[in-house]
2 protein chains.
Amino acid sequence: MATTTVNNGVNVQALLDAREALKGAPEATKFTWRASCKWQDGTYSKTNVQGFFGLGEEQKHKTETSFEADHPEIFASEDRGITPIEYVLVGLASCLTAGVAAVAQNRGVQLRSVQSTLEGKMDIRGILGMDSDVRNGYDDIKVTFKIDADAPKQEIEAIVAQSQKRSAVYDVITNPVNVTVEVA
Amino acid sequence: MATTTVNNGVNVQALLDAREALKGAPEATKFTWRASCKWQDGTYSKTNVQGFFGLGEEQKHKTETSFEADHPEIFASEDRGITPIEYVLVGLASCLTAGVAAVAQNRGVQLRSVQSTLEGKMDIRGILGMDSDVRNGYDDIKVTFKIDADAPKQEIEAIVAQSQKRSAVYDVITNPVNVTVEVA
């Protein structure tokens, strides 16, 4: 198997083994990811992430991480963190990148560097309520990868395409997700 | 106007003024948000955010922020950051929370505290490629707000509903967005 000489730092064998093991354990594949947010002041908030549920039991990240979000000064705010809509780009970038590393490993392609730039276009007439025909969120997002790897461009493109096909965040952005918002 | 005695830290008047000013400047409302991601090792990446385009010119956040993402140890990875799909929850939480503060300010409702918990359910048979009928991303997301404010519950619920109606991230998650992925 070509993968023996390739090391992108992804333990593909463990993932393939997990896939086999999980075939007989339908409850174990049901995950719940969580976050808790506290309003600070104005448009500024802090969101913490640590615990989640999966493989049939409570899990947690090694450390609790806190993420600050705010609006920029040009929106009459204080820019104490990136905007909420930029967090969507962070999620998409990291999801596709992790996928590229995993797929390349599985296909025996050694990566040297993987960089991407993301651009999300949005008309703020939506969120400002200026025109109800303008959506609030992104009209479209463009992701451009620059990848240095031991493979021809066509093979690299196929790796990126497969990463897209299995990306959780790409799915959430390109397809509708049901969201319920309640006041306790 | 009731808002004169209320201070949630949101300069609603500036936003209303901006909305008026932008009516005559269709190009100024077109924003481009950006992120750039660098693969580190395995499923670990760092995504940086600082510059964006809006109001007809290049803008930037006061500081550049870097966000680490990884997969947890139960996925045979090293948990050097939260997962990409959790970043989506961070974006949703902070977007709805900023909206609650802005709408409450506009409606003259003083907020004392706004907290929310988010739960996103996902079946990992999707991303593991075990069953093509299982989607990769969230099946559904539940957001629960706990709000302490000078208003009856019905009014608080209406504020949350209006925040949802104008939320960029809520829109991106609940409706399809066109995403193009290319290799340079």
# chains A, B, ... in the order shown; residues from 1 in each chain; ligands from 1

call {"tool": "residues_around", "arguments": {"residues": "range 151-159 of chain B", "least_positions_apart": "2", "cutoff": "10 Å", "atoms": "only C-alpha atoms", "output": "number ranges by chain"}}
result
A: 181-184; B: 99-111, 145-149, 161-165

call {"tool": "residues_around", "arguments": {"residues": "Gly126 in chain B", "least_positions_apart": "4", "cutoff": "6 Å", "atoms": "only C-alpha atoms", "output": "PyMOL selection string"}}
result
chain B and resi 134-136

call {"tool": "select_by_dssp", "arguments": {"residues": "range 6-176 of chain B", "states": "strand (DSSP E)", "output": "PyMOL selection string"}}
result
chain B and resi 30-41+44-54+57-69+111-123+140-149

call {"tool": "atom_distance", "arguments": {"atom1": "CA of Ala35 in chain B", "atom2": "CA of Glu64 in chain B"}}
result
10.3 Å

call {"tool": "atom_distance", "arguments": {"atom1": "CA of Asn48 in chain B", "atom2": "CA of His71 in chain A"}}
result
16.9 Å

call {"tool": "decode", "arguments": {"residues": "range 111-164 of chain A", "atoms": "C-alpha atoms", "output": "PDB file, in the first residue's frame"}}
result
ATOM      1  CA  LEU A 111       1.452  16.888   1.177  1.00  0.00           C
ATOM      2  CA  ARG A 112       4.084  19.575   1.642  1.00  0.00           C
ATOM      3  CA  SER A 113       1.843  22.588   2.087  1.00  0.00           C
ATOM      4  CA  VAL A 114      -1.859  23.331   1.895  1.00  0.00           C
ATOM      5  CA  GLN A 115      -3.053  26.908   1.947  1.00  0.00           C
ATOM      6  CA  SER A 116      -6.434  28.329   1.144  1.00  0.00           C
ATOM      7  CA  THR A 117      -8.051  31.713   0.890  1.00  0.00           C
ATOM      8  CA  LEU A 118     -11.763  32.189   1.346  1.00  0.00           C
ATOM      9  CA  GLU A 119     -13.970  35.033   0.201  1.00  0.00           C
ATOM     10  CA  GLY A 120     -17.605  35.304   1.221  1.00  0.00           C
ATOM     11  CA  LYS A 121     -19.679  37.936  -0.550  1.00  0.00           C
ATOM     12  CA  MET A 122     -22.594  39.554   1.229  1.00  0.00           C
ATOM     13  CA  ASP A 123     -24.780  42.581   0.630  1.00  0.00           C
ATOM     14  CA  ILE A 124     -25.425  44.236   3.981  1.00  0.00           C
ATOM     15  CA  ARG A 125     -28.720  45.670   2.762  1.00  0.00           C
ATOM     16  CA  GLY A 126     -30.076  42.324   4.008  1.00  0.00           C
ATOM     17  CA  ILE A 127     -29.047  42.539   7.661  1.00  0.00           C
ATOM     18  CA  LEU A 128     -29.809  46.269   7.736  1.00  0.00           C
ATOM     19  CA  GLY A 129     -33.372  45.515   6.631  1.00  0.00           C
ATOM     20  CA  MET A 130     -33.074  47.859   3.630  1.00  0.00           C
ATOM     21  CA  ASP A 131     -34.396  45.442   1.027  1.00  0.00           C
ATOM     22  CA  SER A 132     -36.328  42.268   1.813  1.00  0.00           C
ATOM     23  CA  ASP A 133     -35.191  40.744  -1.515  1.00  0.00           C
ATOM     24  CA  VAL A 134     -31.565  40.790  -0.323  1.00  0.00           C
ATOM     25  CA  ARG A 135     -30.606  37.807   1.816  1.00  0.00           C
ATOM     26  CA  ASN A 136     -28.922  38.284   5.202  1.00  0.00           C
ATOM     27  CA  GLY A 137     -26.072  35.859   4.671  1.00  0.00           C
ATOM     28  CA  TYR A 138     -23.512  35.107   1.993  1.00  0.00           C
ATOM     29  CA  ASP A 139     -24.530  35.220  -1.654  1.00  0.00           C
ATOM     30  CA  ASP A 140     -21.598  33.017  -2.439  1.00  0.00           C
ATOM     31  CA  ILE A 141     -18.324  31.815  -1.046  1.00  0.00           C
ATOM     32  CA  LYS A 142     -15.171  31.121  -3.030  1.00  0.00           C
ATOM     33  CA  VAL A 143     -12.432  28.867  -1.688  1.00  0.00           C
ATOM     34  CA  THR A 144      -9.074  28.764  -3.490  1.00  0.00           C
ATOM     35  CA  PHE A 145      -6.512  26.133  -2.530  1.00  0.00           C
ATOM     36  CA  LYS A 146      -2.786  26.304  -3.173  1.00  0.00           C
ATOM     37  CA  ILE A 147      -1.366  22.847  -2.594  1.00  0.00           C
ATOM     38  CA  ASP A 148       2.188  21.632  -2.868  1.00  0.00           C
ATOM     39  CA  ALA A 149       2.171  17.825  -2.983  1.00  0.00           C
ATOM     40  CA  ASP A 150       3.739  14.805  -4.636  1.00  0.00           C
ATOM     41  CA  ALA A 151       1.008  14.463  -7.239  1.00  0.00           C
ATOM     42  CA  PRO A 152      -0.119  15.938 -10.572  1.00  0.00           C
ATOM     43  CA  LYS A 153      -2.663  18.756 -10.492  1.00  0.00           C
ATOM     44  CA  GLN A 154      -5.493  16.473 -11.591  1.00  0.00           C
ATOM     45  CA  GLU A 155      -4.916  14.174  -8.636  1.00  0.00           C
ATOM     46  CA  ILE A 156      -4.752  17.135  -6.258  1.00  0.00           C
ATOM     47  CA  GLU A 157      -8.032  18.419  -7.660  1.00  0.00           C
ATOM     48  CA  ALA A 158      -9.619  15.022  -7.096  1.00  0.00           C
ATOM     49  CA  ILE A 159      -8.429  15.046  -3.467  1.00  0.00           C
ATOM     50  CA  VAL A 160      -9.986  18.473  -2.913  1.00  0.00           C
ATOM     51  CA  ALA A 161     -13.220  17.323  -4.549  1.00  0.00           C
ATOM     52  CA  GLN A 162     -13.394  14.282  -2.265  1.00  0.00           C
ATOM     53  CA  SER A 163     -12.765  16.481   0.781  1.00  0.00           C
ATOM     54  CA  GLN A 164     -15.712  18.645  -0.293  1.00  0.00           C
TER      55      GLN A 164
END
